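A.B. asks: Submitted below is the structure of interest, expressed as C-alpha cells.
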Amino acid sequence: MSYQALYRVWRPQKFDDMVGQDVVTRTLKNALITEQTSHAYLFTGPRGTGKTSAAKIFAKAVNCHYLKDGEPCNECVTCKAITEGTLNDVIEIDAASNNGVEEIRDIRDKAKYAPTEADYKVYIVDEVHMLSTGAFNALLKTLEEPPANVIFILATTEPQKIPLTIISRTQRFDFKRITPAQSYDRMVYILDQKGIQYDQKALAIIAKAAEGGMRDALSILDQVISFGNEEVTLDNALLVTGSVNQTLLDQYLTQIFKQETSAALETLHQILDEGKDGQRLIEDLITVQRNLLLYQEDPQLVQEQSLNDLSEAFTEEAAMVTGVELYQMIDTLNSIQQQMRFTTHPDVYLEVLTIKLSQRKTAKVSTEAPTGSMDNQEVEQLRSEVSQLKQAIQKLQQNVKNTPSNSQSAQPKPKKKAIGAKQVKTPANLTKIYPILENATKASLNTMQELWRDLMDMLSVTERALMHVSKPVAASKEGVVVAFNYDFLFEKAVDNEVLRTELQQNLAKLTGSDFKVVYVTVEEWPEVRSGFLNTHHFDKNQEKSEPEASEQSTPKADEDNQAVKKAVELFGSENVNIKND
Amino acid sequence: MEDLKNLTNQAVEKQPEIVKRFNEMIDSQHLSHAYLLTGAGGIGKKDVAQWVAMRLFCIDLQGSMPCGECEECTRIISGQHPDVVEIAPDGQSIKVEQVRFLKAEFSKSGVEGARKVFIIEQANKMTTSAANSLLKFIEEPSGEVTAFLLAENRSLMLPTIVSRTEIIELKPLPKDRLIKELTEQNIAETDARILTRLTNDTSEIQTLVDNNWILDAHKALEKWFITATTGDITAFVDVQTRVMALAKDRFYQEKILDLMMLYAMDLLELKFDQETITYEANRRQLQELADQTNVRQLLAVADVLLPLKHQLSQNLNFQSVVEKATIKICNIFKMRGR
C-alpha cells in the first residue's frame with residue numbers, strides 16, 4: 001500500500017475523536033442512546049471540520065450492535081466493513097458527479113429495498129449543494145418520508161445553495177471552524193502517537209495557516225514531516241505554509257509604522273524574493289493588525305489567544321499606532337487583497353500596498369478622518385479663505401502706509417533691475433537665502449516638491465512657462481529656495497514682482513502658512529550652499545544633515561561644480577541633470 | 001527530439017529545491033496523493049510534475065535522476081504514456097466531461113503497472129461543477145495515484161480542493177539568469193528587463209519579441225503615459241491611434257495593461273529612491289516626472305490602473321477600459337489647476 005495522507009489515516013473513527021464539535025457530537029450521541037435518531041440529517045460547515053467523518057461514524061453507530069455510550073465499537077464486523085467502505089448498506093454518493101435527476105431517481109428506487117446486512121441503509125450524500133434543481137426536487141418526497149430503516153445524511157460546505165424545502169425536512173447540524181488551539185492539540189496527539197519530534201512554534205504556525213480546517217492542518221503537517229525527515233521544525237513549517245518569518249514581518253511593520261517607505265519597500269522585495277505567497281502575506285498582516293487592535297483594548301485576551309508568547313516587537317508596535325490608523329490600514333489591506341485575487345503579478349499590488357500603508361499620515365492630513373470628510377474639506381476651504389483674506393488686509397494696510405510715498409515703493413523695483421542689468425549675472429540674494437537655509441529641513445523640501453506641481457498649475461500660462469524649468473532646492477518652514485536652469489529665465493523671474501507675490505499667495509493657499517520665495521540659478525546654487533556652510537561654520541553633524549536638505553547638489557559641490565560647468569558647456573544645461581549619489 | 005534530455009534538466013534547473021524535496025519524499029515513500037503546484041507562468045510547474053512522473057516510471061534511474069532517454073521517459077515527455085494522464089483547459093475552461101474522463105480513467109488499474117499519475121494544467125480554470133466532481137475523487141483515490149494540480153493563483157481555486165492537497169509554492173526564477181539568457185539572444189538588456197517583469201515563460205517572451213511587438217508597445221505606451229501624466233487629454237487619442245493597434249487579442253491586451261502598471265510603479269519606485277526600475281532606458285525622463293508629481297497623485301494613478309485587469313477578465317471592452325483610465329489619469333493631474 002502506498003503512503004497515506006495523515007488526514008486519511010487519522011480520520012476520526014468515533015465521536016470522541018472529533019475535534020471542536022462538542023455540540024454536534026453530544027447531540028448525535030444522545031440521539032443514539034435514546035434511540036431517537038431522525039431519518040434525515042444535514043451536516044454543514046467549512047472544509048475540514050468533520051462533516052463526512054461524522055456521517056461515517058454515525059452510519060457505524062446506528063448499525064453497531066455493541067453501542068457504548070453512543071459510540072460505535074469499531075470492532076464488530078459491521079463497523080469494520082463500514083470503515084473499509086465495503087458494506088453495501090452504507091452508500092456514499094458524490095453528489096457533484098451524480099447531480100442529475102436520473103441518479104436521484106436511482107437512489108429513490110433502491111431505497112425501497114430493505115438493507116441486506118445491517119439494520120439501516122444509510123445514504124451519505126456528500127457535496128450535496130451540487131445537485132441540480134430537478135434532482136433536489138426529486139429527492140424531496142423521499143426525504144420527507146423515506147421507507148423504514150433508511151437514513152439520509154447530506155453533507156455540504158455551502159448550505160445557502162440548498163433549497164429551504166430540503167433543509168426543513170432534515171435535522172441540520174452546523175459544524176464550527178476549528179480553533180487553532182484545538183487543531184494544535186490534535187496535532188500534538190497525532191505526533192505523539194507517531195513518535196515524531198516537533199517544535200511547538202511550528203505547530204502553532206501550522207494551526208494558524210490551516211484557517212479552521214483540520215484537514216488543512218494535517219495536509220500541511222504531512223508536508224512538513226516529509227520535508228524535514230520525520231521531524232517538525234519551525235523553519236520547515238514557515239517554508240511549507242509560505243508564512244513570512246516573524247522577525248521579517250516585524251521589521252516590515254515597524255518600518256511601515258515609522259513611515260520609512262523606502263526601507264519598507266526593500267523589506268518587501270526581500271520577502272517576495274523568498275517566494276512567499278502574496279495572499280498569505282496580506283493575511284498575516286491583517287492578523288497581526290487585528291491582534292494589535294485587540295491588544296490595545298485588552299492585552300490579556302491577546303496573550304491568551306496567541307499560542308506563542310507575544311514578541312517584544314509586538315508590544316512596541318502596539319504603542320506606535322492608534323486604533324483609527326489600524327482600522328484604515330486594515331481597510332486598505334482588504335481592498336488590495338480583493339484586487340489581488342485576479343492577478344498573477346502580486347508584487348505590483350504589494351508595492352502599492354506598502355506605499356499606501358506607510359503614507360497613511362500624509363493622506364490623513366489631506367482628507368482627515370474618513371468620517372465627515374466633507375465637513376473637514378469645508379473647514380479646510382474656509383481656513384484657507386480666511387488666511388487669504390488676512391493677507392489681503394495686510395497688503396491693503398501696507399498699501400495704505402505706502403500711498404503717500406507711492407513712488408518710493410515703485411522705486412526699489414527699477415533699482416533692482418538696474419543692478420541686475422549692470423552685472424552680467426544677478427547675484428543670488430544671499431541675505432534672503434541664508435535665513436532659509438539655516439532652518440532648511442529635508443521634510444519641508446519634500447512637502448514643497450509635493451506641492452510644486454499644484455503650485456505651477458495655479459499660475460497663469462505665461463507665468464507657468466517662466467517657472468517651468470524651476471525646481472525647489474531647499475526649503476524651511478518660512479521660505480523656499482527656487483533654482484532656475486537658465487540665467488535668462490532667472491533674470492526675468494527676479495524682476496517679476498507680480499509673479500513673486502502670486503507664488504507666495506498661492507503657497508499660502510496650499511500650505512496655510514506664509515512662505516518667502518527666493519530665486520537662484522542652478523549654476524550658482526552649489527556655490528551659494530557651500531558659501532553658506534563655510535560662513536556659518538556648521539559642525540560636521542549639521543553638515544551631514546544639510547546636504548540632505550538639497551537633492552540637487554553634491555556635498556563636494558566645489559569640485560563637482562567644475563565638472564558640472566564643463567558638462568553644461570558641452571551639452572547645454574537642459575541635458576545635464578545633476579544628481580546626488 | 002533532442003530537447004528530451006533538456007526537459008528533465010529544466011525542472012532541476014528551474015526548481016532545484018522542489019525537485020530535491022520530491023526526491024526525498026519518493027525515497028522515504030512519503031509521496032502524497034495530491035499536490036497543488038502554484039507559481040507564475042513559466043516557472044516550471046509542469047516541468048516539475050513531469051519530472052516526478054519520470055522519476056516514478058523511469059526504468060533506468062541515474063542515481064536519483066530519471067534518465068530522460070528510456071522508453072518510459074520518452075513517452076511521458078511526449079504525452080503518450082498510458083498511465084500518465086494530462087488534462088488542460090478545453091477552450092476557456094476545464095469541463096466536467098474532462099474530469100469525468102479522468103475519473104473513469106483512474107477507476108481502472110494502471111495499464112502497465114500499479115502506479116498512475118495525473119496532471120491537471122491550469123486547474124484554476126476548472127468550472128465549478130468540474131471542480132466539485134473532482135472533490136470526492138481527490139480526497140481518497142484508490143490505489144497508487146498521484147495527482148498534480150497546476151495553478152498560477154491559489155486563491156482562485158475552490159478552497160475545498162486546496163484543503164485536500166499539499167500545496168507547494170514554486171520560487172520565482174532568478175531574474176538575472178533569465179535576463180542573461182535573453183541578452184544572449186540579441187535582446188537589448190533594457191528590453192529584457194521589461195520582458196522578465198511581464199512573464200517568466202520563454203515561449204511567451206518569444207511571442208512578445210516577434211515582430212518587434214515589445215519595442216512598438218514600449219514606444220507607444222511611453223508616449224501615452226507621459227502625455228497622460230502631464231494632464232494632457234490628447235492621451236485619449238493615443239489610445240485609439242497607437243495603443244489599439246498593438247492590442248491584437250486578450251494576451252496582448254493583458255500585457256499592455258501590465259506595461260502601463262509598470263510605468264506607474266516605476267514612478268513610485270523613483271519617488272522612494274529604489275534602485276531598480278523596469279524602464280531603465282527612460283530613467284531620466286521618469287525621474288523628472290517623479291519629481292514633478294506627488295505621492296498622492298501617483299497612488300491615485302495606481303488605483304486607476306490596478307483594477308483594470310480584473311475588469312478585462314470580466315469581458316469589458318479593452319478600448320473603453322483603457323480610455324476611461326486615461327481620462328481618469330488626466331483628471332488626477334489637472335484637478336487642482338482650475
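Chain labels run A, B, ... following the order of the C-alpha cells; each chain numbers its residues from 1, and ligands are numbered from 1 in the order shown.
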Please return, as a ChimeraX atom specification, all residues of range 67-235 of chain B that DSSP assigns to alpha helix (DSSP H) on the basis of the backbone.

C.D. replies: /B:71-77,96-107,128-139,159-162,175-184,189-198,202-209,213-229,235

A.B. asks: Export, as a JSON list (two decimals), in the first residue's frame, the selected residues with C-alpha atoms.

C.D. replies:
[["chain", "number", "residue", "atom", "x", "y", "z"],
["B", 71, "GLU", "CA", 11.03, 4.49, -23.36],
["B", 72, "GLU", "CA", 9.07, 5.38, -20.25],
["B", 73, "CYS", "CA", 10.61, 8.84, -20.03],
["B", 74, "THR", "CA", 10.22, 9.46, -23.74],
["B", 75, "ARG", "CA", 6.59, 8.55, -23.64],
["B", 76, "ILE", "CA", 5.93, 10.76, -20.63],
["B", 77, "ILE", "CA", 7.57, 13.74, -22.26],
["B", 96, "VAL", "CA", -16.94, 18.34, -16.29],
["B", 97, "GLU", "CA", -16.60, 15.83, -19.11],
["B", 98, "GLN", "CA", -12.85, 16.09, -18.91],
["B", 99, "VAL", "CA", -12.89, 15.41, -15.19],
["B", 100, "ARG", "CA", -15.30, 12.53, -15.72],
["B", 101, "PHE", "CA", -12.93, 11.09, -18.29],
["B", 102, "LEU", "CA", -10.12, 11.44, -15.80],
["B", 103, "LYS", "CA", -12.10, 9.68, -13.11],
["B", 104, "ALA", "CA", -13.10, 6.90, -15.44],
["B", 105, "GLU", "CA", -9.50, 6.52, -16.45],
["B", 106, "PHE", "CA", -8.46, 6.18, -12.85],
["B", 107, "SER", "CA", -11.09, 3.77, -11.74],
["B", 128, "THR", "CA", -17.45, 24.89, -10.66],
["B", 129, "SER", "CA", -19.04, 21.57, -11.45],
["B", 130, "ALA", "CA", -15.77, 20.16, -12.75],
["B", 131, "ALA", "CA", -14.01, 21.20, -9.57],
["B", 132, "ASN", "CA", -16.77, 19.79, -7.41],
["B", 133, "SER", "CA", -16.84, 16.46, -9.13],
["B", 134, "LEU", "CA", -13.12, 16.20, -8.61],
["B", 135, "LEU", "CA", -13.58, 16.69, -4.88],
["B", 136, "LYS", "CA", -14.54, 13.24, -3.72],
["B", 137, "PHE", "CA", -12.18, 11.61, -6.10],
["B", 138, "ILE", "CA", -9.20, 13.61, -4.99],
["B", 139, "GLU", "CA", -9.94, 13.06, -1.33],
["B", 159, "PRO", "CA", -10.98, 26.00, -1.00],
["B", 160, "THR", "CA", -12.32, 22.51, -0.54],
["B", 161, "ILE", "CA", -9.94, 21.29, -3.25],
["B", 162, "VAL", "CA", -7.00, 23.16, -1.80],
["B", 175, "LYS", "CA", 15.55, 37.38, -12.84],
["B", 176, "ASP", "CA", 19.21, 37.84, -13.64],
["B", 177, "ARG", "CA", 19.57, 34.43, -15.19],
["B", 178, "LEU", "CA", 16.65, 34.95, -17.49],
["B", 179, "ILE", "CA", 17.88, 38.39, -18.45],
["B", 180, "LYS", "CA", 21.26, 36.97, -19.27],
["B", 181, "GLU", "CA", 19.67, 34.26, -21.35],
["B", 182, "LEU", "CA", 17.71, 36.86, -23.27],
["B", 183, "THR", "CA", 20.64, 39.16, -23.89],
["B", 184, "GLU", "CA", 22.42, 36.19, -25.38],
["B", 189, "GLU", "CA", 19.20, 44.37, -21.76],
["B", 190, "THR", "CA", 16.73, 47.16, -21.09],
["B", 191, "ASP", "CA", 14.11, 45.29, -23.10],
["B", 192, "ALA", "CA", 14.97, 42.05, -21.40],
["B", 193, "ARG", "CA", 14.31, 43.66, -18.05],
["B", 194, "ILE", "CA", 10.86, 44.74, -19.15],
["B", 195, "LEU", "CA", 10.11, 41.32, -20.61],
["B", 196, "THR", "CA", 11.01, 39.50, -17.45],
["B", 197, "ARG", "CA", 8.69, 41.72, -15.50],
["B", 198, "LEU", "CA", 5.89, 40.65, -17.82],
["B", 202, "THR", "CA", 10.30, 31.79, -22.50],
["B", 203, "SER", "CA", 7.77, 30.91, -25.17],
["B", 204, "GLU", "CA", 5.64, 33.90, -24.18],
["B", 205, "ILE", "CA", 8.68, 36.11, -24.31],
["B", 206, "GLN", "CA", 9.37, 34.84, -27.78],
["B", 207, "THR", "CA", 5.88, 35.83, -28.95],
["B", 208, "LEU", "CA", 6.36, 39.27, -27.46],
["B", 209, "VAL", "CA", 9.68, 39.76, -29.15],
["B", 213, "TRP", "CA", 5.91, 43.97, -30.62],
["B", 214, "ILE", "CA", 7.61, 44.84, -27.38],
["B", 215, "LEU", "CA", 9.53, 47.70, -28.95],
["B", 216, "ASP", "CA", 6.44, 49.19, -30.53],
["B", 217, "ALA", "CA", 4.47, 48.76, -27.35],
["B", 218, "HIS", "CA", 7.20, 50.35, -25.34],
["B", 219, "LYS", "CA", 7.28, 53.39, -27.61],
["B", 220, "ALA", "CA", 3.53, 53.81, -27.82],
["B", 221, "LEU", "CA", 2.96, 53.42, -24.11],
["B", 222, "GLU", "CA", 5.81, 55.71, -23.23],
["B", 223, "LYS", "CA", 4.18, 58.47, -25.26],
["B", 224, "TRP", "CA", 0.79, 57.64, -23.84],
["B", 225, "PHE", "CA", 1.92, 57.57, -20.26],
["B", 226, "ILE", "CA", 3.89, 60.78, -20.38],
["B", 227, "THR", "CA", 1.09, 62.62, -22.14],
["B", 228, "ALA", "CA", -1.45, 61.33, -19.66],
["B", 229, "THR", "CA", 0.60, 62.20, -16.61],
["B", 235, "ALA", "CA", -3.54, 60.88, -24.44]]

A.B. asks: Taking only C-alpha atoms into account and nothing else, which residues of chain B lie no more than 7 Å away from chain A? Please answer as a ChimeraX atom specification.

C.D. replies: /B:21,25,29-32,40,129,132-133,136,144,152-153,155-156,160,163,165-166,170-172,272-274,291-294,307,310,336-337

A.B. asks: One decimal, Å: what's the distance from CA of Lys112 in chain A over to CA of Ile124 in chain A, could you say?

C.D. replies: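 CA of Ile124 in chain A lies at a distance of 16.2 Å from CA of Lys112 in chain A.
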
A.B. asks: Could you jot down the CA of Asn23 in chain B to CA of Glu121 in chain B separation for me, Å, one decimal place?

C.D. replies: 21.8 Å

A.B. asks: Mind the document's chain letters and residue numbers, and return as a ChimeraX atom specification the residues of range 148-330 of chain B that DSSP labels strand (DSSP E or B).

C.D. replies: /B:148-151,166-169

A.B. asks: State, in Å with one decimal place, the distance from CA of Ile151 in chain A to CA of Arg169 in chain A.

C.D. replies: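 CA of Arg169 in chain A lies 12.3 Å from CA of Ile151 in chain A.
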